[in-house]
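Below is one structure, written out as structure tokens, with a few remarks after it.
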Amino acid sequence: MTPQTVAFYTLGCKLNFSESSALGRQFEERGVRRVEFEQGADVYVVNTCSVTDHADRKCRRVVQQALRHNPRAFVAIVGCYAQLKPQEISEIPGVGAVLGAAEKFRLAEIISELELPEVGAAPTPGRVFASPIAAAHEFHPAQSLGERTRTFLKVQDGCDYSCSFCTIPLARGASRSGSVASVVARVEALAAQGVQEIVLTGVNLGDFGVQGPERQRPENFTQLVRALDAVAGIRRFRISSCEPNLLTDEIIATVAASRRFMPHFHLPLQSGSDKILGLMRRRYRRALYAERVAHIKELMPHAGIGVDVIVGFPGETEADFRETYQFLNELPVSYLHVFPYSERPNTLAPTLPGRVPERVRTERTTQLRSLSEKKKRFFYEQHAGLATEVLFEDDITDGRVEGYTPNYIRVAAKYDPLLVGEIRPLRLTQVNALGLMEAEEVGLLV
């Protein structure tokens with residue numbers, strides 16, 4: 001195949017977006033131009049997720065839409081779902097190839113070696129290139145660049161944990177990373193390109209440090225954070241998500257003392273019930289989680305803290321849910337990401353007793369999302385009248401441009417092309433009807 005254009009559709013997490021961007025650059029290095037999805041590309045790449053619901057249905061819909069834009073397009077499927085269900089995906093009409101975790105970073109090379117079927121030939125299943133997950137032992141660096149003001153930088157992949165609800169270890173393999181020196185070199189290159197904010201991403205980010213086929217751990221996440229804090233040229237770093245048991249006092253103290261690492265943390269909780277945390281096989285209990293939040297707030301009173309929560313896990317009674325609700329209600333956190341529990345094949349959780357009805361899962365999800373809105377508004381209102389800095393995105397809606405403060409308050413301002421991609425000193429004023437913080441110009445901050 002000698003494609004001229006390629007388009008991507010990415011489902012799921014920030015890590016997937018950084019990897020799609022890296023795959024796109026591989027095509028560009030071969031002279032293949034990246035285009036928008038609706039432009040009718042020669043090759044479509046669908047980067048899938050296994051965490052969100054209805055992965056099969058979403059994959060099929062994207063394939064159908066791609067072929068509407070170009071009926072002769074070659075469609076390749078990569079990502080977590082591709083590793084978990086390669087044969088099933090290969091049977092989707094229109095899919096040309098499915099690549100697993102160990103093969104996806106050879107996508108451009110593999111496609112260049114394939115032959116297109118003859119016009120009028122009977123449809124055949126897509127080719128499958130998917131090794132057992134144990135073969136996915138190399139770390140492939142990736143970053144998003146050019147799609148957004150912020151750059152998502154992948155520094156870790158895979159997971160050695162065995163949470164009873166999660167398929168990620170089956171889809172991405174064991175924990176692995178690059179070296180601190182290699183990450184610093186990539187950051188220095190991004191700084192030279194004018195990047196202002198970098199979000200560190202990974203599957204289990206706090207487990208950074210496992211390197212090489214011998215799986216030695218010569219370095220850790222604390223060392224990475226300290227090394228990056230010393231890199232000149234990047235105005236902002238964010239830690240995308242970190243397990244509470246891996247967010248050490250040293251990391252919190254480094255962020256608190258840093259002018260580059262933002263006072264913003266995302267800590268997955270999943271449940272405020274110790275009983276449910278045990279069933280989930282999480283590596284902490286609520287007391288440790290509360291202590292981590294308290295320590296962050298002690299050193300950084302204005303820090304933004306996001307929380308992941310799963311409701312309706314097998315065995316979760318109404319009393320367990322109320323315990324979670326009350327725990328979150330009392331914690332000084334800023335917002336919640338709430339997910340109803342969804343059964344995943346080849347995990348332990350679906351075999352546990354006490355299945356929670358779908359209706360109850362939906363009701364509990366609604367209650368916690370309502371709590372999230374209340375906590376987010378309260379957090380925003382606490383900052384009214386304060387001066388801060390805002391990095392404006394290139395997203396423009398109804399004549400308004402939006403951006404983020406260091407502690408992840410979303411700010412809306414009247415559109416000015418000179419604001420986009422810039423960090424500006426502003427004074428936060430009030431929360432508007434859309435739940436965004438309004439702001440006004442101030443002098444230079446010291």
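Order determines the names: the first chain of the structure tokens is A, the second B, and so forth; residues in each chain are numbered 1 upward, and ligands are numbered 1 upward as they are shown.
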Contact table region 41-119 of chain A vs region 27-31 of chain A, cut-off 10 Å, shortest pair per residue, only C-alpha atoms, as CSV:
residue,atom,partner,partner_atom,distance
A:Leu107,CA,A:Phe27,CA,8.6
A:Ala108,CA,A:Phe27,CA,5.7
A:Glu109,CA,A:Phe27,CA,8.7
A:Ile111,CA,A:Phe27,CA,9.9
A:Ser112,CA,A:Arg30,CA,9.4
As an MDAnalysis selection string, list the residues of region 219-427 of chain A assigned to strand (DSSP E or B) by DSSP on the backbone atoms of this structure.
chainID A and resid 236:239 261 264:270 304:311 335:340 387:397 400:404 410:414 423:427
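Using only C-alpha atoms, the protein and nucleic acid residues lying no more than 10 Å from Arg322 (chain A), apart from those fewer than 4 places from it along its own chain, are Gly272, Ser273, Glu316, Thr317, Glu318, Gln326, Phe327, Leu328 and Arg364 of chain A.
Nearest to Lys374 (chain A) of all the residues A:Ser334, A:Gln211, A:Arg361, A:Ala412 is A:Ser334, counting only C-alpha atoms.
Using only C-alpha atoms, the smallest distance between any of A:Thr388, A:Arg377, A:Glu422, A:Gly312 and Pro357 (chain A) comes from A:Gly312.
CA of Leu288 (chain A) sits 14.7 Å away from CA of Pro332 (chain A).
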Using only C-alpha atoms, which residue out of A:Leu153, A:Met280, A:Leu170, A:Leu224 lies closest to Leu352 (chain A)?
A:Met280
Name all residues at most 12 Å from Pro350 (chain A) (count only C-alpha atoms; drop same-chain ones fewer than 3 positions away) and give them as a VMD selection string.
chain A and resid 164 to 166 279 to 280 312 to 315 341 to 347 353 to 356
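Across the structure, CA of Gly24 (chain A) and CA of Ala227 (chain A) are spaced 28.7 Å apart.
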List the neighbours of Pro125 (chain A) out to 9 Å using only C-alpha atoms; skip same-chain residues closer than 5 positions along the sequence, and give me the result as a PyMOL selection string.
chain A and resi 87+89-97
Generate a file of the selected residues that holds N, CA, C and O atoms, formatted as a compact mmCIF listing (two decimals), in the first residue's frame.
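The resulting file, result-v5.txt, is reproduced below:
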# COMPACT_ATOMS: atom_id res chain seq x y z
N GLN A 87 -9.67 -11.07 17.21
CA GLN A 87 -10.41 -11.86 16.22
C GLN A 87 -11.82 -11.31 16.03
O GLN A 87 -12.33 -11.23 14.91
N ILE A 89 -12.83 -8.25 16.45
CA ILE A 89 -12.77 -6.99 15.71
C ILE A 89 -12.50 -7.24 14.23
O ILE A 89 -13.03 -6.55 13.36
N SER A 90 -11.68 -8.24 13.94
CA SER A 90 -11.33 -8.52 12.54
C SER A 90 -12.55 -8.90 11.71
O SER A 90 -12.53 -8.80 10.47
N GLU A 91 -13.64 -9.35 12.38
CA GLU A 91 -14.86 -9.74 11.67
C GLU A 91 -15.77 -8.55 11.38
O GLU A 91 -16.77 -8.69 10.68
N ILE A 92 -15.47 -7.38 11.93
CA ILE A 92 -16.28 -6.19 11.66
C ILE A 92 -16.13 -5.83 10.19
O ILE A 92 -15.00 -5.67 9.70
N PRO A 93 -17.22 -5.72 9.43
CA PRO A 93 -17.12 -5.38 8.01
C PRO A 93 -16.34 -4.09 7.78
O PRO A 93 -16.61 -3.07 8.41
N GLY A 94 -15.34 -4.17 6.91
CA GLY A 94 -14.56 -3.00 6.57
C GLY A 94 -13.23 -2.90 7.28
O GLY A 94 -12.37 -2.10 6.89
N VAL A 95 -13.00 -3.70 8.31
CA VAL A 95 -11.73 -3.65 9.03
C VAL A 95 -10.66 -4.38 8.22
O VAL A 95 -10.84 -5.53 7.83
N GLY A 96 -9.55 -3.69 7.97
CA GLY A 96 -8.48 -4.28 7.19
C GLY A 96 -7.40 -4.94 8.02
O GLY A 96 -6.79 -5.92 7.61
N ALA A 97 -7.14 -4.39 9.22
CA ALA A 97 -6.10 -4.96 10.07
C ALA A 97 -6.36 -4.60 11.53
O ALA A 97 -6.93 -3.54 11.83
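Taking only C-alpha atoms, the non-local environment of region 298-303 of chain A within 6 Å (same-chain residues fewer than 6 positions away omitted) comprises A:Pro263, A:His264, A:Asn407.
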Take the residues from that selection and put them in a file with all heavy atoms, as a PDB file, in the first residue's frame.
ATOM      1  N   PRO A 263      -0.365  22.967  41.210  1.00  0.00           N
ATOM      2  CA  PRO A 263      -1.028  22.420  42.404  1.00  0.00           C
ATOM      3  C   PRO A 263      -2.356  21.761  42.038  1.00  0.00           C
ATOM      4  O   PRO A 263      -3.442  22.234  42.380  1.00  0.00           O
ATOM      5  CB  PRO A 263      -1.229  23.664  43.278  1.00  0.00           C
ATOM      6  CG  PRO A 263      -1.381  24.781  42.299  1.00  0.00           C
ATOM      7  CD  PRO A 263      -0.459  24.436  41.152  1.00  0.00           C
ATOM      8  N   HIS A 264      -2.248  20.674  41.314  1.00  0.00           N
ATOM      9  CA  HIS A 264      -3.425  19.971  40.792  1.00  0.00           C
ATOM     10  C   HIS A 264      -3.109  18.475  40.786  1.00  0.00           C
ATOM     11  O   HIS A 264      -2.113  18.047  40.192  1.00  0.00           O
ATOM     12  CB  HIS A 264      -3.740  20.462  39.377  1.00  0.00           C
ATOM     13  CG  HIS A 264      -4.783  19.657  38.686  1.00  0.00           C
ATOM     14  ND1 HIS A 264      -4.705  19.327  37.339  1.00  0.00           N
ATOM     15  CD2 HIS A 264      -5.942  19.108  39.137  1.00  0.00           C
ATOM     16  CE1 HIS A 264      -5.765  18.613  37.010  1.00  0.00           C
ATOM     17  NE2 HIS A 264      -6.523  18.465  38.075  1.00  0.00           N
ATOM     18  N   ASN A 407      -4.483  25.565  39.324  1.00  0.00           N
ATOM     19  CA  ASN A 407      -5.198  24.542  40.097  1.00  0.00           C
ATOM     20  C   ASN A 407      -6.438  24.020  39.380  1.00  0.00           C
ATOM     21  O   ASN A 407      -7.335  23.462  39.996  1.00  0.00           O
ATOM     22  CB  ASN A 407      -5.541  25.051  41.502  1.00  0.00           C
ATOM     23  CG  ASN A 407      -6.373  26.317  41.483  1.00  0.00           C
ATOM     24  OD1 ASN A 407      -6.540  26.952  40.441  1.00  0.00           O
ATOM     25  ND2 ASN A 407      -6.891  26.703  42.638  1.00  0.00           N
TER      26      ASN A 407
END
How close does each residue of region 34-110 of chain A get to region 2-14 of chain A, giving the shortest atom pair and distance in Å to one decimal for every residue with an atom at most 10 Å away, counting only C-alpha atoms, sorted by chain and residue number, as JSON lines?
{"residue": "A:Arg34", "atom": "CA", "partner": "A:Val6", "partner_atom": "CA", "distance": 4.9}
{"residue": "A:Val35", "atom": "CA", "partner": "A:Ala7", "partner_atom": "CA", "distance": 5.3}
{"residue": "A:Glu36", "atom": "CA", "partner": "A:Ala7", "partner_atom": "CA", "distance": 5.8}
{"residue": "A:Phe37", "atom": "CA", "partner": "A:Ala7", "partner_atom": "CA", "distance": 5.2}
{"residue": "A:Glu38", "atom": "CA", "partner": "A:Ala7", "partner_atom": "CA", "distance": 8.5}
{"residue": "A:Gln39", "atom": "CA", "partner": "A:Ala7", "partner_atom": "CA", "distance": 8.3}
{"residue": "A:Gly40", "atom": "CA", "partner": "A:Ala7", "partner_atom": "CA", "distance": 8.2}
{"residue": "A:Ala41", "atom": "CA", "partner": "A:Thr5", "partner_atom": "CA", "distance": 5.2}
{"residue": "A:Asp42", "atom": "CA", "partner": "A:Thr5", "partner_atom": "CA", "distance": 5.3}
{"residue": "A:Val43", "atom": "CA", "partner": "A:Val6", "partner_atom": "CA", "distance": 4.6}
{"residue": "A:Tyr44", "atom": "CA", "partner": "A:Ala7", "partner_atom": "CA", "distance": 5.0}
{"residue": "A:Val45", "atom": "CA", "partner": "A:Phe8", "partner_atom": "CA", "distance": 4.8}
{"residue": "A:Val46", "atom": "CA", "partner": "A:Tyr9", "partner_atom": "CA", "distance": 4.9}
{"residue": "A:Asn47", "atom": "CA", "partner": "A:Thr10", "partner_atom": "CA", "distance": 4.7}
{"residue": "A:Thr48", "atom": "CA", "partner": "A:Leu11", "partner_atom": "CA", "distance": 5.2}
{"residue": "A:Cys49", "atom": "CA", "partner": "A:Gly12", "partner_atom": "CA", "distance": 5.1}
{"residue": "A:Ser50", "atom": "CA", "partner": "A:Gly12", "partner_atom": "CA", "distance": 8.0}
{"residue": "A:Val51", "atom": "CA", "partner": "A:Gly12", "partner_atom": "CA", "distance": 7.4}
{"residue": "A:Thr52", "atom": "CA", "partner": "A:Gly12", "partner_atom": "CA", "distance": 6.9}
{"residue": "A:Ala55", "atom": "CA", "partner": "A:Leu11", "partner_atom": "CA", "distance": 9.1}
{"residue": "A:Lys58", "atom": "CA", "partner": "A:Leu11", "partner_atom": "CA", "distance": 8.7}
{"residue": "A:Cys59", "atom": "CA", "partner": "A:Leu11", "partner_atom": "CA", "distance": 9.0}
{"residue": "A:Val62", "atom": "CA", "partner": "A:Tyr9", "partner_atom": "CA", "distance": 7.7}
{"residue": "A:Val63", "atom": "CA", "partner": "A:Tyr9", "partner_atom": "CA", "distance": 9.6}
{"residue": "A:Ala66", "atom": "CA", "partner": "A:Ala7", "partner_atom": "CA", "distance": 9.1}
{"residue": "A:Ala73", "atom": "CA", "partner": "A:Pro3", "partner_atom": "CA", "distance": 9.4}
{"residue": "A:Phe74", "atom": "CA", "partner": "A:Pro3", "partner_atom": "CA", "distance": 9.1}
{"residue": "A:Val75", "atom": "CA", "partner": "A:Ala7", "partner_atom": "CA", "distance": 9.7}
{"residue": "A:Ala76", "atom": "CA", "partner": "A:Phe8", "partner_atom": "CA", "distance": 9.7}
{"residue": "A:Ile77", "atom": "CA", "partner": "A:Tyr9", "partner_atom": "CA", "distance": 9.8}
{"residue": "A:Val78", "atom": "CA", "partner": "A:Thr10", "partner_atom": "CA", "distance": 9.6}
{"residue": "A:Gly79", "atom": "CA", "partner": "A:Leu11", "partner_atom": "CA", "distance": 8.8}
{"residue": "A:Cys80", "atom": "CA", "partner": "A:Gly12", "partner_atom": "CA", "distance": 9.4}
{"residue": "A:Ala108", "atom": "CA", "partner": "A:Pro3", "partner_atom": "CA", "distance": 9.9}
From the DSSP assignment of the backbone, select every residue of region 240-305 of chain A that is alpha helix (DSSP H), and format the answer as a PyMOL selection string.
chain A and resi 249-257+274-280+286-299
Nearest to Cys163 (chain A) among A:Ile296, A:Ile251, A:Val32, A:Ala349, with distances taken over only C-alpha atoms: which residue is it?
A:Ala349
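Taking CA of Leu84 (chain A) and CA of Pro268 (chain A) as the two end points, the separation is 23.7 Å.
Within 10 Å of Glu438 (chain A), once only C-alpha atoms are used and residues closer than 4 positions along the same chain are dropped, the contacting residues are Ala384, Glu402, Arg410, Val411, Ala412, Ala413, Lys414, Leu426, Arg427, Leu428, Thr429, Gln430, Val431 and Asn432 of chain A.
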From A:Ile310, A:Leu331, A:Arg282, A:His295, residue lying nearest Thr362 (chain A) [only C-alpha atoms]:
A:Ile310
